[in-house]
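Structure file my_file-v6.cif (mmCIF, C-alpha atoms and all ligand atoms) is printed below.
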```cif
data_coords
#
loop_
_atom_site.label_atom_id
_atom_site.label_comp_id
_atom_site.auth_asym_id
_atom_site.auth_seq_id
_atom_site.Cartn_x
_atom_site.Cartn_y
_atom_site.Cartn_z
CA LEU A 1111 18.32 -60.70 66.87
CA THR A 1112 19.47 -59.10 70.08
CA ALA A 1113 17.89 -56.95 72.71
CA ARG A 1114 20.35 -54.22 72.02
CA THR A 1115 19.27 -51.52 69.69
CA GLU A 1116 21.05 -48.59 68.17
CA GLU A 1117 19.19 -46.20 70.47
CA GLY A 1118 20.76 -47.99 73.44
CA LEU A 1119 19.00 -49.37 76.44
CA ALA A 1120 19.84 -46.38 78.60
CA GLN A 1121 16.79 -44.55 77.30
CA PRO A 1122 14.17 -47.23 76.91
CA ALA A 1123 11.31 -44.78 77.45
CA LEU A 1124 8.94 -47.60 78.13
CA PRO A 1125 6.23 -45.55 79.77
CA LEU A 1126 4.69 -48.21 81.98
CA GLU A 1127 4.27 -45.87 84.92
CA SER A 1128 2.81 -42.99 82.96
CA LEU A 1129 0.00 -45.00 81.43
CA ALA A 1130 -3.49 -44.91 82.80
CA PRO A 1131 -3.61 -47.49 85.61
CA GLU A 1132 -6.98 -48.89 84.54
CA PRO A 1133 -7.33 -49.13 80.78
CA THR A 1134 -10.87 -49.17 79.49
CA ALA A 1135 -10.10 -52.17 77.31
CA ARG A 1136 -8.57 -55.52 77.84
CA VAL A 1137 -5.57 -55.20 75.60
CA TRP A 1138 -4.09 -58.33 74.11
CA ALA A 1139 -1.00 -58.40 71.92
CA VAL A 1140 -0.02 -61.20 69.55
CA GLY A 1141 3.67 -61.42 68.73
CA GLY A 1142 6.38 -63.96 68.20
CA GLY A 1143 9.40 -62.65 66.39
CA LYS A 1144 9.13 -64.56 63.15
CA GLY A 1145 7.00 -63.75 60.13
CA GLY A 1146 4.64 -66.24 58.55
CA ILE A 1147 3.88 -68.23 61.69
CA GLY A 1148 0.25 -67.18 62.06
CA LYS A 1149 0.31 -64.09 64.29
CA SER A 1150 -2.16 -62.25 62.08
CA PHE A 1151 -4.26 -65.37 61.61
CA LEU A 1152 -4.51 -65.82 65.38
CA ALA A 1153 -5.05 -62.12 66.14
CA ALA A 1154 -7.87 -61.91 63.58
CA ASN A 1155 -9.51 -65.09 64.79
CA LEU A 1156 -9.21 -64.30 68.49
CA ALA A 1157 -10.76 -60.91 67.73
CA ALA A 1158 -13.56 -62.44 65.67
CA ALA A 1159 -14.22 -64.98 68.41
CA ALA A 1160 -14.36 -62.20 71.02
CA ALA A 1161 -16.79 -60.20 68.88
CA ARG A 1162 -18.97 -63.21 68.26
CA SER A 1163 -19.14 -63.87 71.98
CA GLY A 1164 -20.83 -60.48 72.32
CA ARG A 1165 -17.86 -58.26 73.20
CA PRO A 1166 -17.28 -55.07 71.25
CA THR A 1167 -13.79 -55.63 69.92
CA ILE A 1168 -11.19 -53.58 68.09
CA LEU A 1169 -8.34 -55.25 66.25
CA VAL A 1170 -5.29 -53.08 65.73
CA ASP A 1171 -3.01 -53.95 62.83
CA ALA A 1172 0.32 -52.87 64.28
CA ASP A 1173 2.34 -54.54 61.56
CA LEU A 1174 3.50 -51.17 60.34
CA GLY A 1175 4.71 -51.94 56.86
CA GLY A 1176 3.22 -55.36 56.17
CA ALA A 1177 -0.36 -54.89 57.19
CA ASN A 1178 -3.04 -57.07 55.63
CA LEU A 1179 -5.71 -57.66 58.21
CA HIS A 1180 -8.20 -55.52 56.29
CA THR A 1181 -8.18 -58.16 53.54
CA CYS A 1182 -8.57 -61.08 55.97
CA LEU A 1183 -11.57 -59.37 57.55
CA GLY A 1184 -13.40 -58.49 54.37
CA VAL A 1185 -12.90 -54.74 54.56
CA ARG A 1186 -13.56 -53.54 51.01
CA GLY A 1187 -11.21 -51.16 49.27
CA VAL A 1188 -8.26 -49.33 50.77
CA PRO A 1189 -9.11 -47.99 54.20
CA ARG A 1190 -9.41 -44.18 54.34
CA SER A 1191 -7.04 -43.84 57.25
CA ASN A 1192 -4.76 -46.10 59.22
CA LEU A 1193 -2.49 -46.40 62.21
CA GLY A 1194 0.22 -44.45 60.38
CA ASP A 1195 -2.07 -41.41 60.18
CA TYR A 1196 -2.36 -41.45 63.94
CA LEU A 1197 1.39 -41.97 64.42
CA ASP A 1198 2.07 -39.00 62.16
CA CYS A 1199 -0.55 -36.90 63.99
CA ARG A 1200 -2.87 -36.59 60.99
CA LEU A 1201 -5.55 -37.97 63.30
CA SER A 1202 -6.05 -36.73 66.84
CA ASP A 1203 -7.96 -39.80 67.97
CA LEU A 1204 -6.97 -43.38 67.13
CA GLU A 1205 -10.62 -44.44 67.07
CA GLN A 1206 -11.11 -42.22 63.99
CA ALA A 1207 -9.03 -44.76 62.06
CA ALA A 1208 -11.26 -47.69 63.05
CA VAL A 1209 -13.40 -49.16 60.26
CA ASP A 1210 -16.25 -51.63 60.47
CA THR A 1211 -15.59 -55.17 59.32
CA ALA A 1212 -17.95 -57.77 57.93
CA ILE A 1213 -18.27 -59.13 61.48
CA PRO A 1214 -20.70 -57.46 63.87
CA ARG A 1215 -19.03 -55.79 66.88
CA LEU A 1216 -15.59 -56.12 65.32
CA ARG A 1217 -13.81 -52.99 64.13
CA LEU A 1218 -10.32 -52.74 62.67
CA VAL A 1219 -7.66 -50.08 62.92
CA PRO A 1220 -5.85 -50.81 59.64
CA GLY A 1221 -2.09 -50.90 59.49
CA VAL A 1222 0.31 -49.37 57.07
CA LEU A 1223 1.12 -51.25 53.90
CA GLY A 1224 4.53 -50.95 52.36
CA ARG A 1225 5.78 -47.80 54.04
CA ILE A 1226 9.56 -48.15 54.28
CA GLY A 1227 10.90 -47.49 57.73
CA ALA A 1228 7.40 -47.33 59.17
CA LEU A 1229 8.43 -49.50 62.09
CA GLU A 1230 10.91 -46.93 63.28
CA THR A 1231 9.13 -44.85 65.84
CA SER A 1232 10.31 -42.14 68.17
CA PRO A 1233 9.78 -42.47 71.95
CA PRO A 1234 7.00 -39.79 71.92
CA GLN A 1235 5.28 -41.60 69.06
CA ARG A 1236 5.43 -44.88 70.93
CA GLN A 1237 4.19 -43.32 74.13
CA ARG A 1238 1.26 -41.72 72.29
CA LEU A 1239 0.41 -44.99 70.54
CA LEU A 1240 0.50 -47.12 73.68
CA LYS A 1241 -1.75 -44.69 75.49
CA ALA A 1242 -4.20 -44.46 72.57
CA ILE A 1243 -4.46 -48.22 72.22
CA ARG A 1244 -5.22 -48.60 75.89
CA GLU A 1245 -7.92 -45.97 75.63
CA LEU A 1246 -9.76 -47.44 72.64
CA PRO A 1247 -13.45 -47.79 73.43
CA ALA A 1248 -13.95 -51.55 73.28
CA GLU A 1249 -14.24 -54.44 75.64
CA VAL A 1250 -11.39 -56.29 73.96
CA VAL A 1251 -8.55 -54.73 71.98
CA ILE A 1252 -6.27 -57.13 70.13
CA VAL A 1253 -2.99 -55.88 68.71
CA ASP A 1254 -1.40 -57.80 65.84
CA LEU A 1255 2.34 -57.25 66.09
CA ALA A 1256 4.97 -57.15 63.39
CA ALA A 1257 7.75 -59.70 63.15
CA GLY A 1258 11.10 -58.71 64.62
CA VAL A 1259 12.15 -56.95 67.81
CA GLU A 1260 11.55 -53.33 66.90
CA ARG A 1261 11.02 -51.08 69.91
CA SER A 1262 7.40 -50.29 69.07
CA THR A 1263 6.71 -54.03 68.78
CA LEU A 1264 8.35 -54.86 72.10
CA ASP A 1265 6.62 -52.00 73.91
CA LEU A 1266 3.19 -53.00 72.65
CA PHE A 1267 3.92 -56.53 73.78
CA LEU A 1268 5.09 -55.37 77.20
CA VAL A 1269 2.24 -53.00 78.07
CA SER A 1270 -0.56 -55.34 77.04
CA GLU A 1271 -2.47 -57.16 79.73
CA GLN A 1272 -2.32 -60.39 77.80
CA SER A 1273 0.73 -60.98 75.67
CA PHE A 1274 0.76 -63.94 73.32
CA VAL A 1275 3.94 -65.40 71.89
CA VAL A 1276 3.27 -67.49 68.82
CA THR A 1277 5.56 -70.13 67.43
CA THR A 1278 5.21 -73.04 65.09
CA PRO A 1279 6.95 -76.37 65.74
CA GLU A 1280 9.74 -75.38 63.34
CA PRO A 1281 13.17 -74.84 64.93
CA THR A 1282 13.53 -71.48 63.18
CA ALA A 1283 10.27 -70.21 64.63
CA ILE A 1284 11.19 -71.45 68.10
CA GLU A 1285 14.56 -69.74 67.86
CA ASN A 1286 12.81 -66.49 66.95
CA ALA A 1287 10.34 -66.87 69.78
CA TYR A 1288 13.22 -67.13 72.26
CA ALA A 1289 14.96 -64.14 70.71
CA PHE A 1290 11.74 -62.16 70.88
CA LEU A 1291 11.09 -63.04 74.52
CA ARG A 1292 14.68 -62.34 75.45
CA ALA A 1293 14.52 -58.92 73.80
CA ALA A 1294 11.23 -58.14 75.50
CA ILE A 1295 12.54 -59.15 78.92
CA PHE A 1296 15.70 -57.09 78.52
CA ARG A 1297 13.59 -54.14 77.50
CA ARG A 1298 11.39 -54.55 80.55
CA LEU A 1299 14.49 -54.83 82.76
CA ALA A 1300 15.95 -51.72 81.14
CA ALA A 1301 12.75 -49.81 81.90
CA LEU A 1302 12.82 -51.06 85.50
CA VAL A 1303 16.39 -49.94 86.16
CA SER A 1304 16.27 -46.81 84.00
CA GLY A 1305 18.14 -43.96 85.68
CA SER A 1306 19.76 -46.18 88.33
CA PRO A 1307 23.40 -47.33 88.35
CA LEU A 1308 22.11 -50.69 87.26
CA ALA A 1309 21.22 -49.27 83.86
CA GLU A 1310 24.92 -49.03 83.16
CA LEU A 1311 25.51 -52.54 84.42
CA LEU A 1312 22.77 -53.76 82.09
CA ASP A 1313 24.35 -51.97 79.14
CA ASP A 1314 27.79 -53.34 80.05
CA ALA A 1315 26.41 -56.82 80.49
CA LEU A 1316 24.84 -56.71 77.06
CA ASP A 1317 28.02 -55.29 75.55
CA ALA A 1318 30.14 -57.99 77.12
CA ARG A 1319 27.83 -60.74 76.00
CA GLY A 1320 30.41 -62.71 74.08
CA GLU A 1321 33.28 -62.59 76.53
CA ARG A 1322 31.53 -62.94 79.83
CA GLY A 1323 28.86 -65.19 78.53
CA VAL A 1324 25.97 -62.99 79.68
CA LEU A 1325 23.36 -64.32 77.38
CA THR A 1326 20.11 -64.64 79.20
CA PRO A 1327 18.02 -62.51 81.54
CA GLY A 1328 18.64 -65.24 84.13
CA ASP A 1329 22.41 -64.71 83.89
CA LEU A 1330 21.91 -61.00 84.16
CA LEU A 1331 19.80 -61.27 87.30
CA ALA A 1332 22.44 -63.52 88.84
CA GLY A 1333 24.96 -60.77 88.07
CA VAL A 1334 22.74 -58.12 89.66
CA ALA A 1335 22.32 -60.30 92.74
CA GLU A 1336 26.08 -60.25 93.30
CA HIS A 1337 25.93 -56.46 93.63
CA ASP A 1338 22.54 -56.02 95.23
CA ALA A 1339 20.41 -58.96 96.32
CA GLY A 1340 17.40 -56.79 97.13
CA GLU A 1341 17.37 -55.20 93.71
CA ALA A 1342 17.69 -58.58 92.02
CA GLU A 1343 14.67 -59.73 93.98
CA ARG A 1344 12.68 -56.65 92.94
CA LEU A 1345 13.50 -57.30 89.29
CA ARG A 1346 12.65 -60.98 89.58
CA ALA A 1347 9.29 -60.15 91.13
CA ALA A 1348 8.57 -57.56 88.43
CA LEU A 1349 9.34 -60.09 85.70
CA ALA A 1350 7.25 -62.75 87.39
CA ALA A 1351 4.25 -60.38 87.49
CA HIS A 1352 3.89 -60.65 83.72
CA ARG A 1353 3.29 -64.07 82.28
CA PRO A 1354 3.38 -64.15 78.51
CA ARG A 1355 1.10 -66.77 77.00
CA LEU A 1356 2.46 -69.25 74.54
CA ILE A 1357 0.53 -70.59 71.54
CA VAL A 1358 2.00 -73.28 69.31
CA ASN A 1359 0.42 -72.85 65.89
CA GLN A 1360 0.34 -75.13 62.84
CA VAL A 1361 0.68 -78.32 64.82
CA ARG A 1362 0.65 -81.37 62.54
CA ALA A 1363 1.69 -84.19 64.85
CA GLN A 1364 0.78 -85.20 68.35
CA ASP A 1365 4.33 -84.96 69.71
CA GLU A 1366 4.49 -81.30 68.65
CA VAL A 1367 1.90 -80.50 71.28
CA LYS A 1368 4.46 -81.19 74.00
CA LEU A 1369 6.79 -78.61 72.55
CA GLY A 1370 4.99 -75.89 74.46
CA PHE A 1371 6.01 -77.49 77.73
CA SER A 1372 9.66 -77.70 76.81
CA ILE A 1373 9.72 -74.06 75.68
CA ARG A 1374 8.14 -73.22 79.00
CA SER A 1375 10.85 -74.96 81.01
CA VAL A 1376 13.64 -73.37 78.97
CA CYS A 1377 12.12 -69.96 79.69
CA ARG A 1378 11.84 -70.71 83.38
CA LYS A 1379 15.45 -71.84 83.57
CA HIS A 1380 17.13 -69.16 81.46
CA PHE A 1381 14.74 -66.23 81.31
CA GLY A 1382 13.32 -66.21 84.81
CA ILE A 1383 9.74 -66.14 83.53
CA ASP A 1384 6.92 -68.58 83.83
CA LEU A 1385 5.26 -68.81 80.41
CA ASP A 1386 1.64 -69.84 80.37
CA TYR A 1387 1.21 -72.44 77.64
CA VAL A 1388 -2.40 -71.70 76.75
CA GLY A 1389 -2.74 -74.10 73.91
CA TYR A 1390 -2.00 -75.09 70.36
CA VAL A 1391 -3.77 -74.75 67.04
CA SER A 1392 -3.53 -77.49 64.48
CA PHE A 1393 -2.45 -76.93 60.91
CA ASP A 1394 -5.77 -76.72 59.16
CA ASP A 1395 -6.50 -76.75 55.43
CA TYR A 1396 -9.55 -74.63 56.04
CA VAL A 1397 -7.29 -71.71 56.93
CA TRP A 1398 -6.32 -70.89 53.35
CA ARG A 1399 -9.91 -71.28 52.27
CA SER A 1400 -10.94 -68.76 54.89
CA VAL A 1401 -8.24 -66.34 53.69
CA LYS A 1402 -9.53 -66.72 50.12
CA GLU A 1403 -13.03 -66.04 51.37
CA ARG A 1404 -11.72 -63.02 53.26
CA ARG A 1405 -13.32 -64.19 56.46
CA PRO A 1406 -11.74 -65.39 59.70
CA LEU A 1407 -11.75 -69.15 60.19
CA VAL A 1408 -13.99 -68.99 63.28
CA VAL A 1409 -16.61 -67.30 61.08
CA SER A 1410 -16.24 -69.14 57.78
CA HIS A 1411 -15.55 -72.62 59.18
CA PRO A 1412 -16.60 -72.53 62.83
CA ASN A 1413 -16.53 -76.30 63.17
CA SER A 1414 -13.06 -76.80 61.76
CA ASP A 1415 -10.30 -78.07 64.03
CA GLY A 1416 -8.47 -74.76 63.91
CA ALA A 1417 -11.56 -72.78 64.92
CA LEU A 1418 -12.20 -75.21 67.75
CA TYR A 1419 -8.72 -74.77 69.20
CA ILE A 1420 -8.92 -71.01 68.90
CA ARG A 1421 -12.22 -70.90 70.76
CA ARG A 1422 -10.71 -73.16 73.41
CA ILE A 1423 -7.85 -70.71 73.98
CA MET A 1424 -10.30 -67.81 73.99
CA ASN A 1425 -12.54 -69.38 76.60
CA LYS A 1426 -9.61 -70.24 78.78
CA ILE A 1427 -8.51 -66.63 78.89
CA LEU A 1428 -11.95 -65.05 79.19
CA ASP A 1429 -12.85 -67.39 82.03
CA GLU A 1430 -9.93 -66.28 84.17
N1 LIG A 1501 -3.06 -73.09 61.83
C1 LIG A 1501 -2.85 -72.83 60.53
N2 LIG A 1501 -3.16 -73.76 59.59
C2 LIG A 1501 -2.93 -73.51 58.28
N3 LIG A 1501 -2.41 -72.37 57.80
C3 LIG A 1501 -2.09 -71.42 58.68
C4 LIG A 1501 -2.29 -71.58 60.09
N4 LIG A 1501 -1.87 -70.47 60.70
C5 LIG A 1501 -1.45 -69.63 59.74
N5 LIG A 1501 -1.57 -70.18 58.52
C6 LIG A 1501 -1.18 -69.56 57.24
O1 LIG A 1501 0.18 -69.20 57.31
C7 LIG A 1501 0.43 -67.99 56.61
C8 LIG A 1501 1.08 -66.98 57.52
O2 LIG A 1501 0.16 -66.57 58.51
P1 LIG A 1501 0.13 -65.08 59.06
O3 LIG A 1501 -0.96 -65.03 60.06
O4 LIG A 1501 0.08 -64.10 57.96
O5 LIG A 1501 1.56 -65.02 59.77
P2 LIG A 1501 2.29 -63.81 60.47
O6 LIG A 1501 1.27 -62.78 60.84
O7 LIG A 1501 2.94 -64.43 61.68
O8 LIG A 1501 3.31 -63.30 59.51
C9 LIG A 1501 -0.91 -67.53 56.08
O9 LIG A 1501 -1.04 -67.92 54.75
C10 LIG A 1501 -1.91 -68.25 56.96
O10 LIG A 1501 -3.12 -68.43 56.32
MG MG A 1502 1.18 -60.72 60.33
#
```
In structure tokens, how does this file's structure come out?
Ligand SMILES: Nc1ncnc2c1ncn2[C@@H]1O[C@H](COP(=O)(O)OP(=O)(O)O)[C@@H](O)[C@H]1O
Ligand SMILES: [Mg+2]
Amino acid sequence: LTARTEEGLAQPALPLESLAPEPTARVWAVGGGKGGIGKSFLAANLAAAAARSGRPTILVDADLGGANLHTCLGVRGVPRSNLGDYLDCRLSDLEQAAVDTAIPRLRLVPGVLGRIGALETSPPQRQRLLKAIRELPAEVVIVDLAAGVERSTLDLFLVSEQSFVVTTPEPTAIENAYAFLRAAIFRRLAALVSGSPLAELLDDALDARGERGVLTPGDLLAGVAEHDAGEAERLRAALAAHRPRLIVNQVRAQDEVKLGFSIRSVCRKHFGIDLDYVGYVSFDDYVWRSVKERRPLVVSHPNSDGALYIRRIMNKILDE
């Protein structure tokens, strides 16, 4: 996994500036690079917890291709329309795709199941999607991201007000979390320097990765500082303004809890960002039961360990 994509970083088209300055919703994205680590589980449960706390909530299944939140939330049958219909302009308003779930105040914009190549989006499609998600009429909007570092995934992660990176204690998941963060940071940097001479430097730096050892955003910023200290400072400040939140999921042993802190210090040292380790969620046998029951854990087993930790994370964020 690398930040570089076939479209090139020269035209990142990350439309941060063109988006409405004050979105109506609090948009949260749940990502993490690897599949099967609990992104959807956490997105569904954070959304259910938000709805149960009285906040009208919309969960967006942005796993274009591998969507299954409708099943986890007890939506019967195949949803009439989904996010793909909006992306392909068959719907003019994203809210039209939202369906009620079994949970009061929680609606779902279903994703696309099994559409090959569905993750590949054009810049106008991405721009339209980001804007629509931010304009959804809800108090909380939670976006469940796909695995991988596809542009649409990174952009949704970057424009959300709260961005969660999920990992499990497994080395492979941690590796993917770093790759995901690295890709996201490079994409943000590319958007920040787009159109300036630095864009070329960024491209070159990424090209030369092997030889010159430019591997991390931290290295890159050090390189920029050699040319232009002021610009490096501007980029550093822009990166520091967004603090992704880290959740360690499926924790089975006490020492795995500390993992979040070591990931945080690696990110500070090499990526130039200060991750907010918001908490962990234990591996809980009630999770598969809740999936079988087609209800989120916080609804089906509210007193389970897992539900407890999720509510703890939720309260921490809502209290801020
Ligand atoms: N904390 C947990 N305890 C037990 N099982 C979990 C936990 N988190 C996730 N799972 C299970 O792991 C599997 C993958 O979770 P999922 O949310 O689909 O991952 P992702 O969206 O990252 O691909 C699912 O079967 C889910 O029920
Ligand atoms: Mg998922």
Exercise for review: May I have the protein, DNA and RNA residues with any atom at most 9 Å from the point (-4.8, -61.7, 64.3), counting all atoms listed in the file, written as a list of chain:residue names?
Suggested key: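 Counting all atoms listed in the file, I find these residues within 9 Å of (-4.8, -61.7, 64.3): A:Val1140, A:Gly1148, A:Lys1149, A:Ser1150, A:Phe1151, A:Leu1152, A:Ala1153, A:Ala1154, A:Asn1155, A:Leu1156, A:Ala1157, A:Ala1158, A:Leu1169, A:Val1170, A:Asp1171, A:Leu1179, A:Ile1252, A:Val1253, A:Asp1254, A:Leu1255.
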Throw together the list of residues within 6 Å of ligand LIG 1501 (chain A), counting all atoms listed in the file, and drop it here as a ChimeraX atom specification. /A:1145-1151,1359-1360,1391-1395,1397-1398
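Closest approach to ligand MG 1502 (chain A) from the set A:Asp1338, A:Asp1429, A:Glu1280, A:Asp1173 is made by A:Asp1173, with distances taken over all atoms listed in the file.
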Residue with the minimum atom-to-atom distance to Glu1245 of chain A, picked from A:Ser1372, A:Ser1304, A:Ser1270, A:Thr1181 with only C-alpha atoms counted, is A:Ser1270
Discussion item. Would you compute the distance between atom CA of Leu1291 of chain A and atom CA of Glu1341 of chain A? Give it in Å to one decimal.
Written reply: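 According to the coordinates, atom CA of Leu1291 of chain A and atom CA of Glu1341 of chain A are separated by 21.7 Å.
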Quiz prompt | atom CA of Asp1415 of chain A to atom CA of Tyr1387 of chain A, distance in Å rounded to a single decimal | solution =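 Between these atoms lies a distance of 18.7 Å.
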How many Å separate atom CA of Leu1174 of chain A from atom CA of Gly1221 of chain A?
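Value for the atom CA of Leu1174 of chain A-atom CA of Gly1221 of chain A distance: 5.7 Å.
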Worksheet entry | Residue nearest Gly1143 of chain A among A:Ala1301, A:Leu1264, A:Val1361, A:Ala1257 (counting all atoms listed in the file) |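 Of A:Ala1301, A:Leu1264, A:Val1361, A:Ala1257, the one nearest Gly1143 of chain A, counting all atoms listed in the file, is A:Ala1257.
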Go through A:Asn1178, A:Ser1306, A:Gln1272, A:Ser1163 and flag the residue nearest ligand MG 1502 (chain A), using all atoms listed in the file for the distances.
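So, comparing all the options, the nearest one is A:Asn1178.
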Exercise for the section: Write out as number ranges by chain which residues come within 9 Å of Gly1164 of chain A when counting only C-alpha atoms, dropping same-chain ones fewer than 4 positions away. Expected result: A: 1159-1160, 1214-1215
Checklist entry - From the set A:Ala1248, A:Ala1339, A:Ala1172, A:Val1334, which residue has the shortest atom-to-atom contact distance to ligand MG 1502 (chain A), counting all atoms listed in the file? => result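 Ranked by minimum distance to ligand MG 1502 (chain A), first place goes to A:Ala1172.
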| query | Using all atoms listed in the file, which of A:Ile1357, A:Ile1423, A:Leu1330, A:Ala1350 sits nearest His1380 of chain A? | reply |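 Of the candidates, the smallest distance to His1380 of chain A is held by A:Leu1330.
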Q: Within 12 Å of Ile1427 of chain A, counting only C-alpha atoms, which residues show up once you throw out same-chain ones fewer than 2 positions away? Write them as a PyMOL selection string, please.
A: chain A and resi 1136+1138+1156+1160+1250+1271-1274+1355+1386-1389+1420-1425+1429-1430
- Message: Residues proximal to (3.7, -45.3, 67.2) were defined as those with any atom within 12 Å of that point in the file's coordinates, counting only C-alpha atoms. Which are they, as a PyMOL selection string?
- Response: chain A and resi 1170-1174+1192-1199+1204+1221-1222+1228-1243+1260-1266
